[in-house]
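To start, the structure itself, in structure tokens.
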Amino acid sequence: MKSFMFNKMIKCKQLVLLCVLVMISACSFTTFNSDNNEAPIALEVGEGFVNPIGYYEQAPRFSWKISPDASYQFQQAYQIQVTSNGDNIADADLWDSQKQVSAENAWIKYQGKPLSSREKVFWRVRVWDEQDQISRWSQLASLELSLLSNDDWQGQWIRHPETGDTVTFDVIDNKTKKTKTVTNKVYRPQYLRRSFTTENNTSLEAEQTKPSIKQARLYITAKVFLRLILTVKRYRKM
């Protein structure tokens, strides 16, 4: 009888040990599961801008989210890289934050080399989870700066010297409750036009004209609102 009980106790201990080993194996599998390497998503700049053009801050603020497909739920550290060359992001010639122990993932301020007006930069981020396992790098995001200083604006206001129509109308004074006559100007919408041409690398032998300008940006503002209409005409010298 004692021998039977002893054998039964040994089998129970073996079963418990086997369960513990299975649990340890499962935990290890979870820790190194490839799902943990899921990259951050939803990369944004400032107030929710995605790959903005004409961004207004010289020191942008970066934000991201943990992928819902990732098995980890907590970020304990992050690393941001910013570069001027999207083909060589690993160079991070503008800023590499290195590993920063922080759970913050919103409005992380840029702390690299000073950025200039019209400059386009590329950035990415990766994180470490609660098990100190590192994620993959996020997809590459970008931002292009606008004119950051008033000195960068070289244009002049386009307006007609006198466009308002004088009108007279009666209004009721809120204090005296009496009617009074008011003379004011009403400014109607204005359509202003400006023509300009661009130089082309033109050859008489060439079958097609190859433009010397690959891309351009139009920086425009108005005191109230504006609507831009751009008409493009192509000419070829004969």
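Chain labels A, B, ... are given in the sequence in which chains occur in the structure tokens; within each chain residues are numbered consecutively from 1, and ligands are likewise numbered from 1 in the order shown.
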
Sort by chain and increasing residue number a table of all residues of region 126-150 of chain A within 8 Å of region 70-94 of chain A, each with its closest pair of atoms and their distance in Å to one decimal, counting only C-alpha atoms, and write it as CSV.
```
residue,atom,partner,partner_atom,distance
A:Arg126,CA,A:Gln79,CA,5.5
A:Val127,CA,A:Tyr78,CA,4.2
A:Trp128,CA,A:Ala77,CA,5.0
A:Asp129,CA,A:Gln75,CA,4.7
A:Glu130,CA,A:Phe74,CA,5.6
A:Asp132,CA,A:Gln76,CA,7.4
A:Leu140,CA,A:Gly86,CA,7.8
```

With a distance cut-off of 9 Å and only C-alpha atoms, select the neighbouring residues of Val50 (chain A), excluding the residue or stretch itself and same-chain residues fewer than 6 positions from it, and output the selection as an MDAnalysis selection string. chainID A and resid 42:44 141:143

Could you write out the selected residues, including N, CA and C atoms, as a PDB file, in the first residue's frame?
```pdb
ATOM      1  N   ALA A  42       0.639  54.697 -37.584  1.00  0.00           N
ATOM      2  CA  ALA A  42      -0.041  55.995 -37.454  1.00  0.00           C
ATOM      3  C   ALA A  42       0.938  57.112 -37.086  1.00  0.00           C
ATOM      4  N   LEU A  43       2.014  57.229 -37.842  1.00  0.00           N
ATOM      5  CA  LEU A  43       2.997  58.280 -37.593  1.00  0.00           C
ATOM      6  C   LEU A  43       2.411  59.635 -37.981  1.00  0.00           C
ATOM      7  N   GLU A  44       2.468  60.591 -37.058  1.00  0.00           N
ATOM      8  CA  GLU A  44       1.887  61.916 -37.261  1.00  0.00           C
ATOM      9  C   GLU A  44       2.849  62.991 -36.787  1.00  0.00           C
ATOM     10  N   ALA A 141       8.252  58.076 -42.796  1.00  0.00           N
ATOM     11  CA  ALA A 141       7.342  59.213 -42.916  1.00  0.00           C
ATOM     12  C   ALA A 141       8.154  60.456 -43.264  1.00  0.00           C
ATOM     13  N   SER A 142       7.471  61.511 -43.669  1.00  0.00           N
ATOM     14  CA  SER A 142       8.185  62.715 -44.093  1.00  0.00           C
ATOM     15  C   SER A 142       7.420  63.963 -43.687  1.00  0.00           C
ATOM     16  N   LEU A 143       8.096  65.085 -43.769  1.00  0.00           N
ATOM     17  CA  LEU A 143       7.465  66.388 -43.609  1.00  0.00           C
ATOM     18  C   LEU A 143       8.290  67.411 -44.370  1.00  0.00           C
TER      19      LEU A 143
END
```

Name the residues of region 95-187 of chain A that come out as strand (DSSP E) in a backbone DSSP run; write them as a short mmCIF file (atom, residue, chain, number, x, y, z; two decimals) with N, CA and C atoms, in the first residue's frame.
```cif
data_model
loop_
_atom_site.label_atom_id
_atom_site.label_comp_id
_atom_site.auth_asym_id
_atom_site.auth_seq_id
_atom_site.Cartn_x
_atom_site.Cartn_y
_atom_site.Cartn_z
N TRP A 95 19.09 63.83 -36.78
CA TRP A 95 18.84 63.54 -35.37
C TRP A 95 18.66 62.05 -35.16
N ASP A 96 19.30 61.51 -34.14
CA ASP A 96 19.08 60.15 -33.66
C ASP A 96 18.89 60.24 -32.15
N GLN A 100 15.39 55.96 -25.70
CA GLN A 100 14.90 56.81 -24.63
C GLN A 100 13.88 56.03 -23.81
N VAL A 101 14.20 55.80 -22.54
CA VAL A 101 13.29 55.05 -21.67
C VAL A 101 12.11 55.95 -21.32
N ILE A 108 6.52 64.15 -29.23
CA ILE A 108 7.92 64.09 -28.87
C ILE A 108 8.66 65.14 -29.71
N LYS A 109 9.24 66.11 -29.08
CA LYS A 109 9.82 67.25 -29.78
C LYS A 109 11.16 66.91 -30.42
N LYS A 120 12.88 69.41 -46.62
CA LYS A 120 12.12 68.17 -46.49
C LYS A 120 12.95 67.15 -45.74
N VAL A 121 12.35 66.53 -44.72
CA VAL A 121 13.06 65.55 -43.90
C VAL A 121 12.22 64.28 -43.81
N PHE A 122 12.90 63.19 -43.46
CA PHE A 122 12.26 61.88 -43.33
C PHE A 122 12.52 61.36 -41.92
N TRP A 123 11.55 60.61 -41.36
CA TRP A 123 11.73 60.11 -40.00
C TRP A 123 11.05 58.74 -39.84
N ARG A 124 11.53 58.01 -38.82
CA ARG A 124 10.96 56.72 -38.47
C ARG A 124 11.15 56.50 -36.97
N VAL A 125 10.46 55.49 -36.42
CA VAL A 125 10.52 55.24 -34.98
C VAL A 125 10.40 53.73 -34.73
N ARG A 126 11.02 53.29 -33.65
CA ARG A 126 10.82 51.93 -33.16
C ARG A 126 10.72 51.98 -31.64
N VAL A 127 10.17 50.91 -31.04
CA VAL A 127 9.92 50.93 -29.60
C VAL A 127 10.41 49.63 -28.96
N TRP A 128 10.53 49.67 -27.63
CA TRP A 128 10.82 48.49 -26.82
C TRP A 128 9.59 48.21 -25.96
N ASP A 129 9.23 46.93 -25.85
CA ASP A 129 8.02 46.58 -25.09
C ASP A 129 8.34 46.31 -23.63
N ALA A 141 8.25 58.08 -42.80
CA ALA A 141 7.34 59.21 -42.92
C ALA A 141 8.15 60.46 -43.26
N SER A 142 7.47 61.51 -43.67
CA SER A 142 8.18 62.71 -44.09
C SER A 142 7.42 63.96 -43.69
N LEU A 143 8.10 65.09 -43.77
CA LEU A 143 7.46 66.39 -43.61
C LEU A 143 8.29 67.41 -44.37
N GLU A 144 7.62 68.41 -44.91
CA GLU A 144 8.30 69.48 -45.63
C GLU A 144 7.94 70.81 -44.97
N LEU A 145 8.96 71.56 -44.60
CA LEU A 145 8.73 72.81 -43.88
C LEU A 145 8.29 73.93 -44.81
N GLY A 164 -13.79 98.49 -52.73
CA GLY A 164 -14.99 98.44 -51.91
C GLY A 164 -16.12 99.31 -52.45
N ASP A 165 -17.35 98.84 -52.30
CA ASP A 165 -18.53 99.61 -52.66
C ASP A 165 -19.10 100.24 -51.40
N THR A 166 -19.36 101.56 -51.47
CA THR A 166 -19.92 102.26 -50.32
C THR A 166 -21.43 102.03 -50.25
N VAL A 167 -21.89 101.57 -49.11
CA VAL A 167 -23.32 101.32 -48.92
C VAL A 167 -23.78 102.00 -47.63
N THR A 168 -25.05 102.38 -47.61
CA THR A 168 -25.64 103.01 -46.43
C THR A 168 -26.84 102.19 -45.99
N PHE A 169 -26.92 101.92 -44.69
CA PHE A 169 -28.03 101.12 -44.17
C PHE A 169 -28.30 101.53 -42.72
N ASP A 170 -29.50 101.19 -42.24
CA ASP A 170 -29.94 101.53 -40.89
C ASP A 170 -29.76 100.33 -39.97
N VAL A 171 -29.28 100.62 -38.77
CA VAL A 171 -29.12 99.58 -37.75
C VAL A 171 -29.69 100.09 -36.44
N ILE A 172 -30.01 99.17 -35.54
CA ILE A 172 -30.55 99.53 -34.23
C ILE A 172 -29.44 99.44 -33.20
N THR A 179 -32.66 103.81 -33.94
CA THR A 179 -32.15 103.50 -35.27
C THR A 179 -31.14 104.56 -35.70
N LYS A 180 -30.02 104.10 -36.26
CA LYS A 180 -29.01 105.02 -36.76
C LYS A 180 -28.54 104.58 -38.13
N THR A 181 -28.09 105.54 -38.89
CA THR A 181 -27.63 105.27 -40.25
C THR A 181 -26.13 105.05 -40.24
N VAL A 182 -25.71 103.98 -40.91
CA VAL A 182 -24.29 103.61 -40.94
C VAL A 182 -23.85 103.55 -42.40
N THR A 183 -22.69 104.13 -42.64
CA THR A 183 -22.08 104.05 -43.97
C THR A 183 -20.83 103.19 -43.88
N ASN A 184 -20.78 102.19 -44.74
CA ASN A 184 -19.65 101.26 -44.70
C ASN A 184 -19.31 100.79 -46.11
N LYS A 185 -18.25 100.03 -46.20
CA LYS A 185 -17.83 99.50 -47.48
C LYS A 185 -17.99 97.99 -47.50
N VAL A 186 -18.48 97.50 -48.60
CA VAL A 186 -18.61 96.06 -48.81
C VAL A 186 -17.61 95.65 -49.88
N TYR A 187 -16.74 94.72 -49.54
CA TYR A 187 -15.70 94.27 -50.47
C TYR A 187 -16.14 92.97 -51.12
#
```

Closest pair table for region 108-154 of chain A residues within 12 Å of region 209-231 of chain A, only C-alpha atoms, as a Markdown table:
```
| residue | atom | partner | partner_atom | distance |
| --- | --- | --- | --- | --- |
| A:Ser117 | CA | A:Tyr219 | CA | 11.5 |
| A:Arg118 | CA | A:Arg217 | CA | 8.9 |
| A:Glu119 | CA | A:Arg217 | CA | 11.7 |
| A:Glu144 | CA | A:Arg217 | CA | 10.6 |
| A:Leu145 | CA | A:Arg217 | CA | 11.1 |
| A:Ser146 | CA | A:Tyr219 | CA | 8.0 |
| A:Leu147 | CA | A:Tyr219 | CA | 8.0 |
| A:Leu148 | CA | A:Tyr219 | CA | 11.6 |
| A:Asp152 | CA | A:Tyr219 | CA | 10.4 |
| A:Trp153 | CA | A:Tyr219 | CA | 8.6 |
| A:Gln154 | CA | A:Tyr219 | CA | 10.2 |
```

Residues as selected, C-alpha atoms, written as a CSV table (one decimal), in the first residue's frame, can you do that?
```
chain,number,residue,atom,x,y,z
A,117,SER,CA,12.5,76.8,-44.5
A,118,ARG,CA,11.4,74.6,-47.4
A,119,GLU,CA,13.5,71.7,-46.1
A,144,GLU,CA,8.3,69.5,-45.6
A,145,LEU,CA,8.7,72.8,-43.9
A,146,SER,CA,7.1,76.0,-45.0
A,147,LEU,CA,8.5,79.5,-44.8
A,148,LEU,CA,9.5,79.8,-41.1
A,152,ASP,CA,11.5,84.3,-46.2
A,153,TRP,CA,8.5,86.0,-47.7
A,154,GLN,CA,9.7,88.0,-50.7
```

May I ask for the distance between CA of Trp157 (chain A) and CA of Tyr191 (chain A), given in Å to one decimal place?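 CA of Trp157 (chain A) sits 13.6 Å away from CA of Tyr191 (chain A).
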
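Proximity of A:Lys113, A:Gln133, A:Phe196, A:Gln58 to Glu38 (chain A), computed with only C-alpha atoms, is greatest for A:Gln133.
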
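One distance worth recording is that between CA of Ile66 (chain A) and CA of Lys99 (chain A), which is 16.8 Å.
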
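Take the candidates A:Gly48, A:Pro40, A:Gly155, A:Pro114 and check each one against Arg61 (chain A) using only C-alpha atoms; the shortest distance goes to A:Gly48.
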